[in-house]
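Inspection log for the structure reproduced underneath, given as structure tokens.
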Amino acid sequence: MPSTLVASTSSFPLLPIPPAREIPVTFTASLKSWWTAGEKQGAAAEERLLRRLPFFLPEKMPASAVGDSPVIARSERIQLTAPEHYLNSLSIKSTNPSTNAPPPAVLLHGYGAGLGFFFRNFPALAKWAGNRGTDVYAVDWLGMGRSARVPFRIKSKRADIPGRVREAESFFVDSLEEWRDKIGLEKMTLIGHSLGAYFSVAYALRYPTRVHKLILLSPAGVPHDPNNLSMPSRELTDTGESGSLASFPVEPASDSEIQLIRDEQRAIKREESRSRKLLTYLWEGGWSPFQVVRSTVFWGPMLVGKYSSRRFSGLTEDETRDMHDYILNITLSKGSGEYCISHILAPYAYARKPLVDRIPALKIPITFLYGEHDWMDPVGGLQSVEKLRRAGNVNGRMFAIPNAGHHLYLDNPAAVNDLLIEELNLTHR
């Protein structure tokens, strides 16, 4: 059994956090996990991940506790205008701000995830912030992670696809814009993963003067072809990659690398089971994967445990257990933003309004990253870079990350972190 997590920051000892429960493999253990899940447990699960950062300060801890650290990290709820609307966020702020610092970087998680998923990327980004005298933020989308679980409603009729997409996107991008205004950021670089990357593009299209550049990690909803090779079901079956902790240069993706990724996707797709029909039925009916888990009640923690153990097998034992507890509490929270999925995407991650048709309107630098074993079809990124070039934007780039799947930032953090820093420091023409 893991020991209670106790950390110290300078001479200020932190209050201990009980260790995360073992991943349940029996009904009794699953029942106990279900019974204790909730807001308090979710907050503890997030803090366990963040306490891995030596510069993280829990609530009410004075800034002097980190000594002469070049950055200070805190988590906070940013209240929005609407009653009971707030966004959970993490700020990593330079203690020596520079007058010519680059715009802050903002990390935005994918579907049904949370800011804690980036715990292996925060140290490198914090070092960048300290060196450049700027800040880094991570935000939970409204209705996801530990942000407010407010009702998600679409007024447009089912046949009104543009209306449904516009309303669903507004739920997320308008709340992010209000967060930006409350924080006081003039401009920012958005680093989005999966559906978070999709919403990052949607935000940039709606508020173009507020985005310095986009870095899109395995973005959802890009390809135009409804027969694209993206396979969301692989999120439940893929195992975690064991990315090397050593760093190697990552070159722009070649045509042959993209072809290898697509060949692997094509082979796996041919073997996909007939359960796709059931998935399609549930998807079009507005069900979410998390709703399915919650409907199993006491069995839910076991189902999440099977996913966590398989998908994050590349993490250490402690990291996997802490990630499981974090994911479990997010999953069992009240359904909210997750119900956007059938309005944004048709089954199998085909966007109802594909980004490849919309992204050429942007005049900012845009970088696409995919894992070499990704289940998201990279052809959309390739087509987007070409369309940007034709529109006169030569600052579109694309990379394939070795030893990584869809969660490339977790699978191979060294390669992704190096590339993120390179992109953040890059001066475009």
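How things are named: the first chain in the structure tokens is A, the next is B, and so on; residues count from 1 in each chain; ligands count from 1 in the order shown.
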Who sits within 9 Å of segment 101-105 of chain A, only C-alpha atoms, same chain under 2 positions skipped, as a PDB file with N, CA and C atoms, in the first residue's frame:
```pdb
ATOM      1  N   PRO A  97       9.032  38.686 -14.010  1.00  0.00           N
ATOM      2  CA  PRO A  97       8.458  38.931 -15.340  1.00  0.00           C
ATOM      3  C   PRO A  97       9.354  39.826 -16.187  1.00  0.00           C
ATOM      4  N   SER A  98       9.376  39.508 -17.486  1.00  0.00           N
ATOM      5  CA  SER A  98      10.175  40.278 -18.435  1.00  0.00           C
ATOM      6  C   SER A  98       9.271  41.208 -19.240  1.00  0.00           C
ATOM      7  N   THR A  99       9.770  42.403 -19.546  1.00  0.00           N
ATOM      8  CA  THR A  99       8.979  43.360 -20.319  1.00  0.00           C
ATOM      9  C   THR A  99       8.843  42.943 -21.780  1.00  0.00           C
ATOM     10  N   LEU A 107      -2.544  25.602 -21.810  1.00  0.00           N
ATOM     11  CA  LEU A 107      -2.783  24.197 -22.137  1.00  0.00           C
ATOM     12  C   LEU A 107      -4.255  23.866 -21.967  1.00  0.00           C
ATOM     13  N   LEU A 125       7.658  23.241 -19.238  1.00  0.00           N
ATOM     14  CA  LEU A 125       7.031  24.521 -19.572  1.00  0.00           C
ATOM     15  C   LEU A 125       7.285  25.564 -18.479  1.00  0.00           C
ATOM     16  N   ALA A 129       8.973  29.209 -18.864  1.00  0.00           N
ATOM     17  CA  ALA A 129       8.367  30.427 -18.316  1.00  0.00           C
ATOM     18  C   ALA A 129       9.363  31.184 -17.450  1.00  0.00           C
ATOM     19  N   ARG A 132      12.060  32.828 -19.697  1.00  0.00           N
ATOM     20  CA  ARG A 132      11.586  33.903 -20.570  1.00  0.00           C
ATOM     21  C   ARG A 132      10.789  34.984 -19.834  1.00  0.00           C
ATOM     22  N   GLY A 133      10.575  34.788 -18.551  1.00  0.00           N
ATOM     23  CA  GLY A 133       9.852  35.788 -17.778  1.00  0.00           C
ATOM     24  C   GLY A 133       8.393  35.905 -18.153  1.00  0.00           C
ATOM     25  N   THR A 134       7.775  34.774 -18.485  1.00  0.00           N
ATOM     26  CA  THR A 134       6.371  34.759 -18.885  1.00  0.00           C
ATOM     27  C   THR A 134       5.606  33.747 -18.037  1.00  0.00           C
ATOM     28  N   ASP A 135       4.382  33.440 -18.408  1.00  0.00           N
ATOM     29  CA  ASP A 135       3.534  32.550 -17.612  1.00  0.00           C
ATOM     30  C   ASP A 135       3.006  31.389 -18.447  1.00  0.00           C
ATOM     31  N   VAL A 136       2.579  30.350 -17.744  1.00  0.00           N
ATOM     32  CA  VAL A 136       1.925  29.191 -18.347  1.00  0.00           C
ATOM     33  C   VAL A 136       0.645  28.924 -17.568  1.00  0.00           C
ATOM     34  N   TYR A 137      -0.416  28.599 -18.280  1.00  0.00           N
ATOM     35  CA  TYR A 137      -1.688  28.271 -17.637  1.00  0.00           C
ATOM     36  C   TYR A 137      -2.197  26.935 -18.186  1.00  0.00           C
ATOM     37  N   ALA A 138      -3.006  26.277 -17.396  1.00  0.00           N
ATOM     38  CA  ALA A 138      -3.764  25.108 -17.854  1.00  0.00           C
ATOM     39  C   ALA A 138      -5.189  25.293 -17.353  1.00  0.00           C
ATOM     40  N   LEU A 185      -5.162  38.510 -19.826  1.00  0.00           N
ATOM     41  CA  LEU A 185      -4.190  38.201 -20.875  1.00  0.00           C
ATOM     42  C   LEU A 185      -4.559  38.942 -22.153  1.00  0.00           C
ATOM     43  N   GLU A 186      -3.585  39.593 -22.748  1.00  0.00           N
ATOM     44  CA  GLU A 186      -3.816  40.299 -24.006  1.00  0.00           C
ATOM     45  C   GLU A 186      -3.808  39.327 -25.171  1.00  0.00           C
ATOM     46  N   LYS A 187      -2.845  38.406 -25.150  1.00  0.00           N
ATOM     47  CA  LYS A 187      -2.678  37.436 -26.219  1.00  0.00           C
ATOM     48  C   LYS A 187      -2.093  36.173 -25.620  1.00  0.00           C
ATOM     49  N   MET A 188      -2.313  35.025 -26.271  1.00  0.00           N
ATOM     50  CA  MET A 188      -1.818  33.764 -25.715  1.00  0.00           C
ATOM     51  C   MET A 188      -1.565  32.752 -26.822  1.00  0.00           C
ATOM     52  N   THR A 189      -0.664  31.827 -26.525  1.00  0.00           N
ATOM     53  CA  THR A 189      -0.437  30.676 -27.392  1.00  0.00           C
ATOM     54  C   THR A 189      -1.257  29.530 -26.830  1.00  0.00           C
ATOM     55  N   LEU A 190      -2.124  28.946 -27.640  1.00  0.00           N
ATOM     56  CA  LEU A 190      -2.967  27.847 -27.184  1.00  0.00           C
ATOM     57  C   LEU A 190      -2.338  26.516 -27.569  1.00  0.00           C
ATOM     58  N   ILE A 191      -2.201  25.630 -26.585  1.00  0.00           N
ATOM     59  CA  ILE A 191      -1.698  24.270 -26.799  1.00  0.00           C
ATOM     60  C   ILE A 191      -2.849  23.333 -26.453  1.00  0.00           C
ATOM     61  N   VAL A 211      -5.017  35.322 -30.140  1.00  0.00           N
ATOM     62  CA  VAL A 211      -4.184  34.113 -30.250  1.00  0.00           C
ATOM     63  C   VAL A 211      -2.889  34.433 -30.986  1.00  0.00           C
ATOM     64  N   HIS A 212      -1.774  34.134 -30.345  1.00  0.00           N
ATOM     65  CA  HIS A 212      -0.443  34.356 -30.915  1.00  0.00           C
ATOM     66  C   HIS A 212      -0.075  33.238 -31.878  1.00  0.00           C
ATOM     67  N   LEU A 424       7.479  27.398 -28.949  1.00  0.00           N
ATOM     68  CA  LEU A 424       7.203  28.601 -28.160  1.00  0.00           C
ATOM     69  C   LEU A 424       8.283  29.663 -28.348  1.00  0.00           C
ATOM     70  N   ASN A 425       9.513  29.211 -28.596  1.00  0.00           N
ATOM     71  CA  ASN A 425      10.630  30.154 -28.775  1.00  0.00           C
ATOM     72  C   ASN A 425      10.798  30.585 -30.232  1.00  0.00           C
TER      73      ASN A 425
END
```
| message | I'd like to know which residues of segment 87-140 of chain A are strand (DSSP E) (by DSSP, run on the backbone); could you write them as a list of chain:residue names? | response |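 Matching residues, listed in order: A:Leu87, A:Asn88, A:Ser89, A:Leu90, A:Ser91, A:Ile92, A:Lys93, A:Ser94, A:Ala105, A:Val106, A:Leu107, A:Leu108, A:Asp135, A:Val136, A:Tyr137, A:Ala138, A:Val139.
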Just-selected residues, N, CA and C atoms written as a PDB file, in the first residue's frame:
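Saved result, again00.pdb, follows:
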```pdb
ATOM      1  N   LEU A  87     -14.239  28.324 -14.050  1.00  0.00           N
ATOM      2  CA  LEU A  87     -13.268  27.450 -14.700  1.00  0.00           C
ATOM      3  C   LEU A  87     -12.139  27.143 -13.726  1.00  0.00           C
ATOM      4  N   ASN A  88     -11.841  25.872 -13.572  1.00  0.00           N
ATOM      5  CA  ASN A  88     -10.719  25.439 -12.756  1.00  0.00           C
ATOM      6  C   ASN A  88      -9.444  25.619 -13.572  1.00  0.00           C
ATOM      7  N   SER A  89      -8.436  26.249 -12.991  1.00  0.00           N
ATOM      8  CA  SER A  89      -7.221  26.486 -13.752  1.00  0.00           C
ATOM      9  C   SER A  89      -5.985  26.402 -12.877  1.00  0.00           C
ATOM     10  N   LEU A  90      -4.857  26.200 -13.537  1.00  0.00           N
ATOM     11  CA  LEU A  90      -3.546  26.192 -12.896  1.00  0.00           C
ATOM     12  C   LEU A  90      -2.738  27.314 -13.521  1.00  0.00           C
ATOM     13  N   SER A  91      -2.111  28.132 -12.689  1.00  0.00           N
ATOM     14  CA  SER A  91      -1.228  29.179 -13.196  1.00  0.00           C
ATOM     15  C   SER A  91       0.201  28.878 -12.755  1.00  0.00           C
ATOM     16  N   ILE A  92       1.135  28.993 -13.681  1.00  0.00           N
ATOM     17  CA  ILE A  92       2.566  28.873 -13.391  1.00  0.00           C
ATOM     18  C   ILE A  92       3.166  30.215 -13.781  1.00  0.00           C
ATOM     19  N   LYS A  93       3.429  31.054 -12.804  1.00  0.00           N
ATOM     20  CA  LYS A  93       3.822  32.432 -13.071  1.00  0.00           C
ATOM     21  C   LYS A  93       5.290  32.684 -12.755  1.00  0.00           C
ATOM     22  N   SER A  94       5.913  33.441 -13.631  1.00  0.00           N
ATOM     23  CA  SER A  94       7.301  33.836 -13.422  1.00  0.00           C
ATOM     24  C   SER A  94       7.388  34.785 -12.227  1.00  0.00           C
ATOM     25  N   ALA A 105       1.559  30.740 -22.464  1.00  0.00           N
ATOM     26  CA  ALA A 105       1.055  29.515 -23.082  1.00  0.00           C
ATOM     27  C   ALA A 105      -0.104  28.990 -22.246  1.00  0.00           C
ATOM     28  N   VAL A 106      -1.150  28.507 -22.908  1.00  0.00           N
ATOM     29  CA  VAL A 106      -2.335  27.986 -22.223  1.00  0.00           C
ATOM     30  C   VAL A 106      -2.591  26.573 -22.720  1.00  0.00           C
ATOM     31  N   LEU A 107      -2.544  25.602 -21.810  1.00  0.00           N
ATOM     32  CA  LEU A 107      -2.783  24.197 -22.137  1.00  0.00           C
ATOM     33  C   LEU A 107      -4.255  23.866 -21.967  1.00  0.00           C
ATOM     34  N   LEU A 108      -4.819  23.193 -22.980  1.00  0.00           N
ATOM     35  CA  LEU A 108      -6.238  22.870 -22.992  1.00  0.00           C
ATOM     36  C   LEU A 108      -6.434  21.388 -23.287  1.00  0.00           C
ATOM     37  N   ASP A 135       4.382  33.440 -18.408  1.00  0.00           N
ATOM     38  CA  ASP A 135       3.534  32.550 -17.612  1.00  0.00           C
ATOM     39  C   ASP A 135       3.006  31.389 -18.447  1.00  0.00           C
ATOM     40  N   VAL A 136       2.579  30.350 -17.744  1.00  0.00           N
ATOM     41  CA  VAL A 136       1.925  29.191 -18.347  1.00  0.00           C
ATOM     42  C   VAL A 136       0.645  28.924 -17.568  1.00  0.00           C
ATOM     43  N   TYR A 137      -0.416  28.599 -18.280  1.00  0.00           N
ATOM     44  CA  TYR A 137      -1.688  28.271 -17.637  1.00  0.00           C
ATOM     45  C   TYR A 137      -2.197  26.935 -18.186  1.00  0.00           C
ATOM     46  N   ALA A 138      -3.006  26.277 -17.396  1.00  0.00           N
ATOM     47  CA  ALA A 138      -3.764  25.108 -17.854  1.00  0.00           C
ATOM     48  C   ALA A 138      -5.189  25.293 -17.353  1.00  0.00           C
ATOM     49  N   VAL A 139      -6.150  24.996 -18.200  1.00  0.00           N
ATOM     50  CA  VAL A 139      -7.548  25.285 -17.886  1.00  0.00           C
ATOM     51  C   VAL A 139      -8.417  24.060 -18.141  1.00  0.00           C
TER      52      VAL A 139
END
```
| task | Compile the contact shell of segment 367-383 of chain A as a PyMOL selection string: residues with an atom at most 6 Å away, counting only C-alpha atoms, same-chain residues fewer than 4 positions apart removed. | result | chain A and resi 215-218+222-223+229-231+261+396-402+404-406+408
| said: Let me make sure I understand: among A:Ala391, A:Leu142, A:Met302, A:Val173, which one has the smallest atom-to-atom distance to Ala361 of chain A if we use only C-alpha atoms? | reply: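 Nearest to Ala361 of chain A: A:Ala391.
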| Which distance in Å separates atom CA of Asn395 of chain A and atom CA of Glu422 of chain A, to one decimal? |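 We find that atom CA of Asn395 of chain A and atom CA of Glu422 of chain A lie 13.9 Å from each other.
Proximity ranking of A:Glu22, A:Glu84, A:Asp140, A:Asp357 relative to Leu176 of chain A places A:Asp140 first, based on only C-alpha atoms.
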| Backbone-only DSSP, helix (DSSP H, G or I) members of segment 20-99 of chain A, as a list in words | Phe27, Thr28, Ala29, Ser30, Leu31, Lys32, Ser33, Trp34, Trp35, Thr36, Glu39, Lys40, Gln41, Gly42, Ala43, Ala44, Ala45, Glu46, Glu47, Arg48, Leu49, Leu50, Ala63, Ser64, Ala65 and Val66 of chain A
Next, dump the selected residues to file, keeping only N, CA, C and O atoms, as a compact mmCIF listing (two decimals), in the first residue's frame.
```txt
# COMPACT_ATOMS: atom_id res chain seq x y z
N PHE A 27 -15.37 -6.39 -7.03
CA PHE A 27 -16.60 -5.59 -6.87
C PHE A 27 -16.56 -4.81 -5.57
O PHE A 27 -16.97 -3.63 -5.53
N THR A 28 -16.08 -5.41 -4.50
CA THR A 28 -16.04 -4.73 -3.20
C THR A 28 -15.16 -3.49 -3.27
O THR A 28 -15.54 -2.41 -2.80
N ALA A 29 -13.99 -3.63 -3.88
CA ALA A 29 -13.09 -2.48 -4.01
C ALA A 29 -13.71 -1.40 -4.90
O ALA A 29 -13.57 -0.21 -4.64
N SER A 30 -14.41 -1.83 -5.95
CA SER A 30 -15.06 -0.90 -6.85
C SER A 30 -16.16 -0.13 -6.11
O SER A 30 -16.31 1.09 -6.28
N LEU A 31 -16.92 -0.83 -5.27
CA LEU A 31 -17.99 -0.20 -4.50
C LEU A 31 -17.42 0.84 -3.55
O LEU A 31 -17.96 1.95 -3.44
N LYS A 32 -16.31 0.54 -2.90
CA LYS A 32 -15.69 1.49 -1.97
C LYS A 32 -15.20 2.73 -2.72
O LYS A 32 -15.35 3.85 -2.23
N SER A 33 -14.62 2.53 -3.89
CA SER A 33 -14.15 3.67 -4.69
C SER A 33 -15.33 4.55 -5.13
O SER A 33 -15.25 5.78 -5.10
N TRP A 34 -16.40 3.91 -5.54
CA TRP A 34 -17.59 4.64 -5.97
C TRP A 34 -18.16 5.45 -4.81
O TRP A 34 -18.57 6.60 -4.99
N TRP A 35 -18.20 4.85 -3.62
CA TRP A 35 -18.80 5.48 -2.45
C TRP A 35 -18.04 6.73 -2.02
O TRP A 35 -18.65 7.71 -1.56
N THR A 36 -16.72 6.73 -2.18
CA THR A 36 -15.91 7.87 -1.70
C THR A 36 -15.68 8.94 -2.77
O THR A 36 -15.14 10.00 -2.46
N GLU A 39 -16.43 15.67 -5.06
CA GLU A 39 -15.66 16.90 -5.27
C GLU A 39 -14.41 16.95 -4.40
O GLU A 39 -13.32 17.30 -4.87
N LYS A 40 -14.55 16.57 -3.13
CA LYS A 40 -13.40 16.61 -2.22
C LYS A 40 -12.32 15.63 -2.68
O LYS A 40 -11.13 15.96 -2.69
N GLN A 41 -12.73 14.43 -3.06
CA GLN A 41 -11.78 13.42 -3.52
C GLN A 41 -11.16 13.85 -4.86
O GLN A 41 -9.98 13.61 -5.11
N GLY A 42 -11.95 14.49 -5.71
CA GLY A 42 -11.43 14.97 -6.98
C GLY A 42 -10.36 16.03 -6.80
O GLY A 42 -9.36 16.05 -7.52
N ALA A 43 -10.59 16.94 -5.84
CA ALA A 43 -9.60 17.98 -5.54
C ALA A 43 -8.31 17.35 -5.04
O ALA A 43 -7.20 17.77 -5.41
N ALA A 44 -8.44 16.34 -4.18
CA ALA A 44 -7.24 15.66 -3.66
C ALA A 44 -6.51 14.93 -4.78
O ALA A 44 -5.27 14.93 -4.84
N ALA A 45 -7.26 14.30 -5.68
CA ALA A 45 -6.64 13.58 -6.79
C ALA A 45 -5.84 14.52 -7.69
O ALA A 45 -4.73 14.19 -8.13
N GLU A 46 -6.41 15.70 -7.96
CA GLU A 46 -5.69 16.68 -8.78
C GLU A 46 -4.44 17.17 -8.05
O GLU A 46 -3.35 17.28 -8.66
N GLU A 47 -4.58 17.43 -6.77
CA GLU A 47 -3.43 17.96 -6.02
C GLU A 47 -2.30 16.93 -5.91
O GLU A 47 -1.12 17.30 -5.89
N ARG A 48 -2.64 15.64 -5.85
CA ARG A 48 -1.57 14.62 -5.83
C ARG A 48 -0.69 14.74 -7.06
O ARG A 48 0.54 14.61 -6.99
N LEU A 49 -1.32 14.95 -8.21
CA LEU A 49 -0.55 15.10 -9.45
C LEU A 49 0.26 16.39 -9.43
O LEU A 49 1.43 16.40 -9.83
N LEU A 50 -0.33 17.47 -8.94
CA LEU A 50 0.36 18.77 -8.97
C LEU A 50 1.46 18.87 -7.93
O LEU A 50 2.41 19.65 -8.11
N ALA A 63 3.69 32.67 -0.81
CA ALA A 63 4.64 32.59 -1.92
C ALA A 63 6.06 32.38 -1.44
O ALA A 63 6.89 31.78 -2.14
N SER A 64 6.36 32.86 -0.24
CA SER A 64 7.72 32.70 0.30
C SER A 64 8.10 31.25 0.52
O SER A 64 9.28 30.92 0.70
N ALA A 65 7.09 30.36 0.47
CA ALA A 65 7.34 28.94 0.72
C ALA A 65 8.22 28.31 -0.36
O ALA A 65 8.85 27.28 -0.11
N VAL A 66 8.24 28.87 -1.56
CA VAL A 66 9.05 28.29 -2.63
C VAL A 66 10.43 28.93 -2.74
O VAL A 66 11.19 28.65 -3.66
```
| task | Would you mind listing what lies within 12 Å of Arg166 of chain A as a PyMOL selection string, with only C-alpha atoms counted and same-chain residues fewer than 3 positions away left out? | result | chain A and resi 154-156+160-163+169-174+199+202-203+206+340+343-344+352-353
| For Gly196 of chain A, which of A:Ala124, A:Gly143, A:Tyr111, A:Asp255 is the closest residue, counting only C-alpha atoms? | A:Tyr111
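For the pair atom CA of Arg210 of chain A and atom CA of Leu57 of chain A, the separation is 28.6 Å.
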| Which of A:His85, A:Arg389, A:Arg21, A:Arg158 sits closest to Pro301 of chain A [using only C-alpha atoms] |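 Going through A:His85, A:Arg389, A:Arg21, A:Arg158 one by one, the smallest distance to Pro301 of chain A is for A:Arg21.
Here the question is which of A:Ile366, A:Ala253, A:Val292, A:Ala20 gets nearest to Lys213 of chain A using only C-alpha atoms, and that residue is A:Ile366.
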| Nearest residue to Met144 of chain A from the set A:Asp68, A:Glu317, A:Glu338, A:Glu257 (distances using only C-alpha atoms) | A:Glu338
| request: Could you tell me how far atom CA of Ser194 of chain A lies from atom CA of Gly110 of chain A, in Å and to one decimal? | output: 4.9 Å
Skipping near chain neighbours, those fewer than 6 positions away, what residues fall within 9 Å of Arg120 of chain A using only C-alpha atoms, listed as a PDB file with N, CA and C atoms, in the first residue's frame?
```pdb
ATOM      1  N   TYR A 409       1.655  13.522 -25.414  1.00  0.00           N
ATOM      2  CA  TYR A 409       2.299  14.338 -24.382  1.00  0.00           C
ATOM      3  C   TYR A 409       2.590  13.527 -23.114  1.00  0.00           C
ATOM      4  N   LEU A 410       1.841  12.445 -22.904  1.00  0.00           N
ATOM      5  CA  LEU A 410       2.090  11.536 -21.781  1.00  0.00           C
ATOM      6  C   LEU A 410       2.969  10.368 -22.190  1.00  0.00           C
ATOM      7  N   PRO A 413       6.864  12.291 -23.243  1.00  0.00           N
ATOM      8  CA  PRO A 413       6.924  13.686 -22.798  1.00  0.00           C
ATOM      9  C   PRO A 413       8.220  14.393 -23.180  1.00  0.00           C
ATOM     10  N   ALA A 414       9.329  13.659 -23.213  1.00  0.00           N
ATOM     11  CA  ALA A 414      10.605  14.308 -23.534  1.00  0.00           C
ATOM     12  C   ALA A 414      10.578  14.906 -24.930  1.00  0.00           C
ATOM     13  N   ASN A 417       7.871  17.742 -25.068  1.00  0.00           N
ATOM     14  CA  ASN A 417       8.287  18.940 -24.339  1.00  0.00           C
ATOM     15  C   ASN A 417       9.351  19.720 -25.113  1.00  0.00           C
TER      16      ASN A 417
END
```
